[in-house]
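Asker: Take this structure, written in structure tokens, and hold onto it; I'll ask about it next.
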Amino acid sequence: MPPAQDTILAELTEMIDAVLGDFADDQVVTMDTTFSADLGMESIDVVALAGRLQSRYGDTVNFAHFVAKLDLETVRELKVGQLVGHIADSLGQADEVGAGSR
Amino acid sequence: MVRANGITLHTQRLDPPGPAVDGRTGPTPTAVLIHGMASDTMASWYFTLAEPLSRAGFPTVLYDLRGHGRSERPATGYALDDFVDDLAALLDSLDVTGPLLLLGNSFGGTIAFGYAARHPDRVAGIVTVESGPPVPEWMRRVRERLARVAARLPRAGAVTEIGARRGRVAAQRAAETQRMLTDTSLAQELPASPLPTAGALAAIGCPVLCLYGGDSAVVELAPTVRGLLPQTRVVVLPDQKHTVLIDRPEEVRRLVFAWLAEECSLDVAQPTTA
């Protein structure tokens, strides 16, 4: 995994823990972890996570647009790694056009 | 998180990435998405219409109703007027001052009508999914539905059974709904809400779109809505249930965008999924 993705995964794990609060399991979050089946996140938890993403990365990482492009089945089985990839891509593109950076 | 009406409401805003919708009759309305009662949250709008509306140029606001999702859960204050007061205060806190396009799922639609009855000049359009205005006939159904849920969930093994049938996340949600009905006066207060007068409801002059699932009992409200608000466009989606918003988001989106163009004079392009 490229270093950038490594950092994003660590940040995302912190956000997931914050969103789940007392309900967080002690399991290690990996790129293959699913939000629903593995973490037991309900849809509103995912929306709360989206709010934290917006606070952290600004509008560069448009979570709503990202999930809108996925079909419902994919959203239900969304993996942490897919979101990490989207964040890395969004930040990379933002750097390329000079529109913003981390 | 936004403070409004003395409580904290979990709120999300999606700003349009591009230019605003070309409103032929005035400024672009802000779309406000209101979810349903008891087991619903803003997620049902977030994953269906929020993004298409913002991409079409509407500033979009979503929030969890009091007691729901990640908003604060006071023990009391669950009459219709409390929910309308929350919405009015939230819009003030967010500095949303222009016209509104209110979209409500299930009881969220009733809150939209309740808001419009008290603030008719603010509302440019109302979309409801599986809902009706606050009239006695509808409130009776709400009472029965809440009583059924309140009686079923506390039974020993009810939540475990839901977990076995529909999985861990569904069981968590059922347990959460049970906690809410135990910790708050919602099931008692809401059905006993003072209602707007028929005159105040009939004075709502904006375009209205009401969507129903053909297999849901709520569709029986359609004639009442038409009688009260003759401008209403009613569309019944055949073979659909009360959960039509999350079961058929594409169809709902298509119907809403067609209505916006035809009845609200808003030049919205049908968004592609790209």
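To be explicit about the labels: the chains of the structure tokens are called A, B, and onward in the order shown, and within each one the residues are counted from 1, while ligands get numbers from 1 in the order they are shown.
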Would you list the contacts of Ala150 of chain B as a short mmCIF file (atom, residue, chain, number, x, y, z; two decimals) with C-alpha atoms, in the first residue's frame, taking every protein, DNA or RNA residue within 10 Å and counting only C-alpha atoms, but skipping same-chain residues closer than 5 positions in sequence?

Answerer:
data_model
loop_
_atom_site.label_atom_id
_atom_site.label_comp_id
_atom_site.auth_asym_id
_atom_site.auth_seq_id
_atom_site.Cartn_x
_atom_site.Cartn_y
_atom_site.Cartn_z
CA ALA B 38 -39.23 6.27 14.93
CA GLU B 144 -51.88 2.85 15.52
CA ARG B 145 -48.50 2.33 13.87
CA ARG B 155 -41.41 -8.32 24.05
CA THR B 177 -36.15 2.46 18.17
CA GLN B 178 -37.21 0.63 21.31
CA ARG B 179 -34.89 2.79 23.43
CA MET B 180 -36.34 5.92 21.88
CA LEU B 181 -39.95 4.87 22.51
CA THR B 182 -39.03 3.96 26.12
CA ALA B 187 -45.57 7.56 21.09
#

Asker: For Ile8 of chain A, list every protein, DNA or RNA residue within 12 Å, evaluated using only C-alpha atoms, and leave out those in the same chain fewer than 6 positions away; present the list as a list in words.

Answerer: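 Residues near the query, excluding close chain neighbours: Met1, Pro2, Glu14, Met15, Thr30, Met31, Leu53, Arg56, Tyr57, Val80, Gly81, Gln82, Leu83, Val84, Gly85, His86, Ile87, Ala88, Asp89, Ser90, Leu91 and Arg102 of chain A.
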
Asker: Create the file for the chosen residues now, containing N, CA and C atoms and written as a PDB file, in the first residue's frame.

Answerer:
ATOM      1  N   MET A   1       0.842  -1.193   0.000  1.00  0.00           N
ATOM      2  CA  MET A   1       0.000   0.000   0.000  1.00  0.00           C
ATOM      3  C   MET A   1       0.882   1.249   0.000  1.00  0.00           C
ATOM      4  N   PRO A   2       0.629   2.198  -0.912  1.00  0.00           N
ATOM      5  CA  PRO A   2       1.432   3.427  -0.929  1.00  0.00           C
ATOM      6  C   PRO A   2       1.298   4.154   0.408  1.00  0.00           C
ATOM      7  N   GLU A  14      -9.430   6.355  12.897  1.00  0.00           N
ATOM      8  CA  GLU A  14      -9.736   7.235  14.035  1.00  0.00           C
ATOM      9  C   GLU A  14     -11.145   7.801  13.925  1.00  0.00           C
ATOM     10  N   MET A  15     -11.527   8.198  12.698  1.00  0.00           N
ATOM     11  CA  MET A  15     -12.870   8.765  12.498  1.00  0.00           C
ATOM     12  C   MET A  15     -13.940   7.712  12.760  1.00  0.00           C
ATOM     13  N   THR A  30      -8.980  -2.845   8.476  1.00  0.00           N
ATOM     14  CA  THR A  30      -8.081  -3.013   7.338  1.00  0.00           C
ATOM     15  C   THR A  30      -8.787  -2.530   6.073  1.00  0.00           C
ATOM     16  N   MET A  31      -8.070  -2.592   4.953  1.00  0.00           N
ATOM     17  CA  MET A  31      -8.655  -2.172   3.675  1.00  0.00           C
ATOM     18  C   MET A  31      -9.840  -3.073   3.295  1.00  0.00           C
ATOM     19  N   LEU A  53     -15.502  13.426   7.361  1.00  0.00           N
ATOM     20  CA  LEU A  53     -14.648  13.519   6.173  1.00  0.00           C
ATOM     21  C   LEU A  53     -14.662  14.940   5.621  1.00  0.00           C
ATOM     22  N   ARG A  56     -12.623  17.186   7.772  1.00  0.00           N
ATOM     23  CA  ARG A  56     -11.179  16.932   7.666  1.00  0.00           C
ATOM     24  C   ARG A  56     -10.620  17.348   6.306  1.00  0.00           C
ATOM     25  N   TYR A  57     -11.311  16.978   5.232  1.00  0.00           N
ATOM     26  CA  TYR A  57     -10.746  17.161   3.895  1.00  0.00           C
ATOM     27  C   TYR A  57     -11.428  18.262   3.083  1.00  0.00           C
ATOM     28  N   VAL A  80     -13.737  -0.422   3.578  1.00  0.00           N
ATOM     29  CA  VAL A  80     -12.895   0.702   3.986  1.00  0.00           C
ATOM     30  C   VAL A  80     -11.911   1.065   2.873  1.00  0.00           C
ATOM     31  N   GLY A  81     -11.358   0.037   2.217  1.00  0.00           N
ATOM     32  CA  GLY A  81     -10.368   0.268   1.165  1.00  0.00           C
ATOM     33  C   GLY A  81     -10.918   1.071  -0.008  1.00  0.00           C
ATOM     34  N   GLN A  82     -12.213   0.865  -0.334  1.00  0.00           N
ATOM     35  CA  GLN A  82     -12.811   1.629  -1.442  1.00  0.00           C
ATOM     36  C   GLN A  82     -12.848   3.113  -1.104  1.00  0.00           C
ATOM     37  N   LEU A  83     -13.171   3.403   0.155  1.00  0.00           N
ATOM     38  CA  LEU A  83     -13.233   4.808   0.572  1.00  0.00           C
ATOM     39  C   LEU A  83     -11.824   5.409   0.633  1.00  0.00           C
ATOM     40  N   VAL A  84     -10.879   4.627   1.131  1.00  0.00           N
ATOM     41  CA  VAL A  84      -9.486   5.099   1.161  1.00  0.00           C
ATOM     42  C   VAL A  84      -9.031   5.449  -0.260  1.00  0.00           C
ATOM     43  N   GLY A  85      -9.357   4.561  -1.209  1.00  0.00           N
ATOM     44  CA  GLY A  85      -8.989   4.800  -2.606  1.00  0.00           C
ATOM     45  C   GLY A  85      -9.604   6.087  -3.145  1.00  0.00           C
ATOM     46  N   HIS A  86     -10.881   6.285  -2.804  1.00  0.00           N
ATOM     47  CA  HIS A  86     -11.570   7.495  -3.275  1.00  0.00           C
ATOM     48  C   HIS A  86     -10.920   8.753  -2.691  1.00  0.00           C
ATOM     49  N   ILE A  87     -10.595   8.687  -1.402  1.00  0.00           N
ATOM     50  CA  ILE A  87      -9.971   9.860  -0.758  1.00  0.00           C
ATOM     51  C   ILE A  87      -8.606  10.145  -1.402  1.00  0.00           C
ATOM     52  N   ALA A  88      -7.824   9.073  -1.579  1.00  0.00           N
ATOM     53  CA  ALA A  88      -6.495   9.247  -2.185  1.00  0.00           C
ATOM     54  C   ALA A  88      -6.614   9.844  -3.586  1.00  0.00           C
ATOM     55  N   ASP A  89      -7.572   9.327  -4.367  1.00  0.00           N
ATOM     56  CA  ASP A  89      -7.779   9.842  -5.735  1.00  0.00           C
ATOM     57  C   ASP A  89      -8.175  11.314  -5.707  1.00  0.00           C
ATOM     58  N   SER A  90      -9.151  11.639  -4.825  1.00  0.00           N
ATOM     59  CA  SER A  90      -9.651  13.015  -4.766  1.00  0.00           C
ATOM     60  C   SER A  90      -8.535  13.973  -4.383  1.00  0.00           C
ATOM     61  N   LEU A  91      -7.736  13.589  -3.372  1.00  0.00           N
ATOM     62  CA  LEU A  91      -6.656  14.461  -2.930  1.00  0.00           C
ATOM     63  C   LEU A  91      -5.582  14.577  -4.002  1.00  0.00           C
ATOM     64  N   ARG A 102      -3.566  18.781   1.055  1.00  0.00           N
ATOM     65  CA  ARG A 102      -3.785  18.448   2.452  1.00  0.00           C
ATOM     66  C   ARG A 102      -2.888  19.324   3.281  1.00  0.00           C
TER      67      ARG A 102
END

Asker: Tell me as a PyMOL selection string which residues belonging to chain B come within 10 Å of chain A, counting only C-alpha atoms.

Answerer: chain B and resi 1+10-15+17+40-44+46-52+54-55+64+68-70+167-170+172-173+246-247+249+272-274

Asker: Can you spit out the residues from that selection as a PDB file, in the first residue's frame, using C-alpha atoms?

Answerer:
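As written to disk, part-v6.pdb reads:
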ATOM      1  CA  MET B   1     -24.179  19.707  14.831  1.00  0.00           C
ATOM      2  CA  HIS B  10     -27.285  16.573  13.572  1.00  0.00           C
ATOM      3  CA  THR B  11     -27.250  18.464  10.287  1.00  0.00           C
ATOM      4  CA  GLN B  12     -25.503  18.079   6.963  1.00  0.00           C
ATOM      5  CA  ARG B  13     -25.362  20.495   4.050  1.00  0.00           C
ATOM      6  CA  LEU B  14     -24.517  19.615   0.496  1.00  0.00           C
ATOM      7  CA  ASP B  15     -23.630  22.639  -1.574  1.00  0.00           C
ATOM      8  CA  PRO B  17     -20.831  21.924  -7.120  1.00  0.00           C
ATOM      9  CA  ASP B  40     -35.833   6.527  10.211  1.00  0.00           C
ATOM     10  CA  THR B  41     -32.882   8.958   9.943  1.00  0.00           C
ATOM     11  CA  MET B  42     -31.505  11.424   7.393  1.00  0.00           C
ATOM     12  CA  ALA B  43     -29.649   8.486   5.826  1.00  0.00           C
ATOM     13  CA  SER B  44     -32.720   7.514   3.783  1.00  0.00           C
ATOM     14  CA  TYR B  46     -28.679  11.053   2.040  1.00  0.00           C
ATOM     15  CA  PHE B  47     -28.324   7.896  -0.028  1.00  0.00           C
ATOM     16  CA  THR B  48     -31.198   8.648  -2.439  1.00  0.00           C
ATOM     17  CA  LEU B  49     -32.066  12.231  -3.409  1.00  0.00           C
ATOM     18  CA  ALA B  50     -29.658  14.513  -1.529  1.00  0.00           C
ATOM     19  CA  GLU B  51     -26.760  14.251  -3.924  1.00  0.00           C
ATOM     20  CA  PRO B  52     -28.853  14.472  -7.143  1.00  0.00           C
ATOM     21  CA  SER B  54     -27.351  19.286  -4.869  1.00  0.00           C
ATOM     22  CA  ARG B  55     -25.777  18.314  -8.174  1.00  0.00           C
ATOM     23  CA  ASP B  64     -31.937  14.164  12.018  1.00  0.00           C
ATOM     24  CA  HIS B  68     -33.588  10.409  16.026  1.00  0.00           C
ATOM     25  CA  GLY B  69     -30.248   9.458  14.486  1.00  0.00           C
ATOM     26  CA  ARG B  70     -27.478  11.531  16.028  1.00  0.00           C
ATOM     27  CA  GLY B 167     -29.205  -9.233  10.396  1.00  0.00           C
ATOM     28  CA  ARG B 168     -27.186  -7.411  13.011  1.00  0.00           C
ATOM     29  CA  VAL B 169     -27.661  -3.882  11.724  1.00  0.00           C
ATOM     30  CA  ALA B 170     -31.464  -4.277  11.567  1.00  0.00           C
ATOM     31  CA  GLN B 172     -29.353  -2.613  16.302  1.00  0.00           C
ATOM     32  CA  ARG B 173     -31.828  -0.280  14.676  1.00  0.00           C
ATOM     33  CA  ILE B 246     -35.175   3.413  -0.342  1.00  0.00           C
ATOM     34  CA  ASP B 247     -36.514   0.576  -2.502  1.00  0.00           C
ATOM     35  CA  PRO B 249     -34.716   5.735  -5.406  1.00  0.00           C
ATOM     36  CA  THR B 272     -27.028  11.306 -15.079  1.00  0.00           C
ATOM     37  CA  THR B 273     -25.500   8.816 -12.685  1.00  0.00           C
ATOM     38  CA  ALA B 274     -21.992   9.570 -13.985  1.00  0.00           C
TER      39      ALA B 274
END

Asker: Return as a count of residues only the full set of residues in chain A whose backbone-based DSSP assignment is helix (DSSP H, G or I).

Answerer: 68

Asker: Which residues, written as a PDB file with N, CA and C atoms, in the first residue's frame, have at least one atom at most 8 Å from Val129 of chain B, with only C-alpha atoms counted and residues fewer than 3 positions away on the same chain left out?

Answerer:
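Result file follows (result_18.pdb):
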ATOM      1  N   GLY B 104     -40.378  15.412   2.265  1.00  0.00           N
ATOM      2  CA  GLY B 104     -40.562  14.650   3.490  1.00  0.00           C
ATOM      3  C   GLY B 104     -40.921  13.198   3.208  1.00  0.00           C
ATOM      4  N   ASN B 105     -40.240  12.303   3.939  1.00  0.00           N
ATOM      5  CA  ASN B 105     -40.554  10.876   3.826  1.00  0.00           C
ATOM      6  C   ASN B 105     -41.448  10.488   5.008  1.00  0.00           C
ATOM      7  N   SER B 106     -42.557   9.825   4.718  1.00  0.00           N
ATOM      8  CA  SER B 106     -43.464   9.377   5.759  1.00  0.00           C
ATOM      9  C   SER B 106     -43.854  10.565   6.656  1.00  0.00           C
ATOM     10  N   GLY B 109     -43.054  14.188   5.740  1.00  0.00           N
ATOM     11  CA  GLY B 109     -43.940  14.929   4.847  1.00  0.00           C
ATOM     12  C   GLY B 109     -44.991  15.705   5.626  1.00  0.00           C
ATOM     13  N   CYS B 210     -47.189  14.213  -4.277  1.00  0.00           N
ATOM     14  CA  CYS B 210     -47.311  13.148  -3.286  1.00  0.00           C
ATOM     15  C   CYS B 210     -47.115  11.795  -3.960  1.00  0.00           C
ATOM     16  N   LEU B 211     -46.114  11.064  -3.487  1.00  0.00           N
ATOM     17  CA  LEU B 211     -45.819   9.745  -4.043  1.00  0.00           C
ATOM     18  C   LEU B 211     -46.253   8.667  -3.052  1.00  0.00           C
ATOM     19  N   TYR B 212     -46.831   7.596  -3.597  1.00  0.00           N
ATOM     20  CA  TYR B 212     -47.273   6.499  -2.743  1.00  0.00           C
ATOM     21  C   TYR B 212     -46.856   5.161  -3.349  1.00  0.00           C
ATOM     22  N   VAL B 244     -40.824   2.802  -0.190  1.00  0.00           N
ATOM     23  CA  VAL B 244     -40.573   3.030  -1.624  1.00  0.00           C
ATOM     24  C   VAL B 244     -39.372   3.954  -1.872  1.00  0.00           C
ATOM     25  N   LEU B 245     -39.114   4.910  -0.972  1.00  0.00           N
ATOM     26  CA  LEU B 245     -37.980   5.826  -1.182  1.00  0.00           C
ATOM     27  C   LEU B 245     -36.654   5.064  -1.244  1.00  0.00           C
TER      28      LEU B 245
END

Asker: To one decimal place in Å, what is the distance between atom CA of Asp215 of chain B and atom CA of Pro238 of chain B?

Answerer: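 Between these atoms lies a distance of 7.0 Å.
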
Asker: So the first atom is atom CA of Ala94 of chain A and the second is atom CA of Thr33 of chain A; what is the distance between them in Å, to one decimal place?

Answerer: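 Rounded to one decimal, the two atoms are 26.7 Å apart.
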
Asker: Check the smallest atom-to-atom distance from each of B:Leu100, B:Ala192, B:Leu53, B:Val256 to Asp81 of chain B using only C-alpha atoms, then report the winner.

Answerer: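 Among the listed residues, B:Ala192 lies closest to Asp81 of chain B.
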
Asker: Which residues, written as a PyMOL selection string, have at least one atom at most 12 Å from segment 222-227 of chain B, with only C-alpha atoms counted and residues fewer than 3 positions away on the same chain left out?

Answerer: chain B and resi 109-110+113+128-138+198+201-202+204+208-214+216-219+230-236

Asker: Can you list, as a PyMOL selection string, all residues belonging to segment 80-271 of chain B that DSSP tags as strand (DSSP E or B)?

Answerer: chain B and resi 100-105+123-129+208-213+233-237+266-267

Asker: Would you save the residues from that selection as a compact mmCIF listing (two decimals), in the first residue's frame, using C-alpha atoms?

Answerer:
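What landed in part_28.txt:
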# COMPACT_ATOMS: atom_id res chain seq x y z
CA LEU B 100 -37.73 26.34 0.46
CA LEU B 101 -38.36 23.12 -1.34
CA LEU B 102 -39.47 20.72 1.40
CA LEU B 103 -39.18 16.98 0.85
CA GLY B 104 -40.56 14.65 3.49
CA ASN B 105 -40.55 10.88 3.83
CA VAL B 123 -42.43 27.27 0.83
CA ALA B 124 -41.98 27.04 -2.96
CA GLY B 125 -42.85 23.36 -3.24
CA ILE B 126 -43.60 20.23 -1.20
CA VAL B 127 -42.70 16.65 -2.09
CA THR B 128 -43.91 13.85 0.15
CA VAL B 129 -43.25 10.13 -0.05
CA VAL B 208 -47.32 19.63 -4.19
CA LEU B 209 -46.15 16.18 -5.27
CA CYS B 210 -47.31 13.15 -3.29
CA LEU B 211 -45.82 9.75 -4.04
CA TYR B 212 -47.27 6.50 -2.74
CA GLY B 213 -46.50 2.81 -2.92
CA ARG B 233 -49.90 15.76 -8.28
CA VAL B 234 -50.38 12.24 -6.94
CA VAL B 235 -48.27 9.39 -8.33
CA VAL B 236 -48.72 5.79 -7.19
CA LEU B 237 -45.80 3.44 -7.79
CA LEU B 266 -37.31 25.09 -12.33
CA ASP B 267 -35.04 24.20 -15.21

Asker: Please measure the separation of atom CA of Leu62 of chain B and atom CA of Val32 of chain B, giving the value in Å to one decimal.

Answerer: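 Answer for the atom CA of Leu62 of chain B to atom CA of Val32 of chain B separation: 6.1 Å.
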
Asker: Just want the 10 Å neighbourhood of Ala203 of chain B, counted on only C-alpha atoms, with same-chain residues fewer than 3 positions away dropped. Output as a list in words.

Answerer: Ala116, Ala117, Pro120, Thr197, Ala198, Gly199, Ala200, Cys206, Leu228 and Leu229 of chain B

Asker: Write the residues you've just listed into a file as an mmCIF file, in the first residue's frame, and include N, CA and C atoms for each of them.

Answerer:
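What ended up in selection_1.cif:
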data_model
loop_
_atom_site.group_PDB
_atom_site.id
_atom_site.type_symbol
_atom_site.label_atom_id
_atom_site.label_comp_id
_atom_site.auth_asym_id
_atom_site.auth_seq_id
_atom_site.Cartn_x
_atom_site.Cartn_y
_atom_site.Cartn_z
ATOM 1 N N ALA B 116 -45.474 24.418 6.293
ATOM 2 C CA ALA B 116 -46.082 25.266 5.255
ATOM 3 C C ALA B 116 -47.358 25.928 5.750
ATOM 4 N N ALA B 117 -48.114 25.230 6.617
ATOM 5 C CA ALA B 117 -49.349 25.819 7.148
ATOM 6 C C ALA B 117 -49.027 27.038 8.017
ATOM 7 N N PRO B 120 -46.521 29.861 5.149
ATOM 8 C CA PRO B 120 -46.878 29.613 3.736
ATOM 9 C C PRO B 120 -46.023 30.384 2.738
ATOM 10 N N THR B 197 -55.581 24.075 11.408
ATOM 11 C CA THR B 197 -56.967 24.032 10.931
ATOM 12 C C THR B 197 -56.990 23.611 9.469
ATOM 13 N N ALA B 198 -58.129 23.064 9.042
ATOM 14 C CA ALA B 198 -58.278 22.692 7.635
ATOM 15 C C ALA B 198 -58.072 23.912 6.744
ATOM 16 N N GLY B 199 -58.495 25.075 7.249
ATOM 17 C CA GLY B 199 -58.325 26.309 6.487
ATOM 18 C C GLY B 199 -56.856 26.652 6.276
ATOM 19 N N ALA B 200 -56.053 26.484 7.331
ATOM 20 C CA ALA B 200 -54.618 26.789 7.217
ATOM 21 C C ALA B 200 -53.942 25.822 6.252
ATOM 22 N N CYS B 206 -48.543 26.364 -2.732
ATOM 23 C CA CYS B 206 -47.416 25.959 -3.580
ATOM 24 C C CYS B 206 -47.705 24.622 -4.272
ATOM 25 N N LEU B 228 -58.115 18.445 -0.158
ATOM 26 C CA LEU B 228 -57.632 19.585 0.605
ATOM 27 C C LEU B 228 -56.788 20.520 -0.264
ATOM 28 N N LEU B 229 -55.930 19.914 -1.090
ATOM 29 C CA LEU B 229 -54.980 20.671 -1.920
ATOM 30 C C LEU B 229 -55.104 20.192 -3.369
#
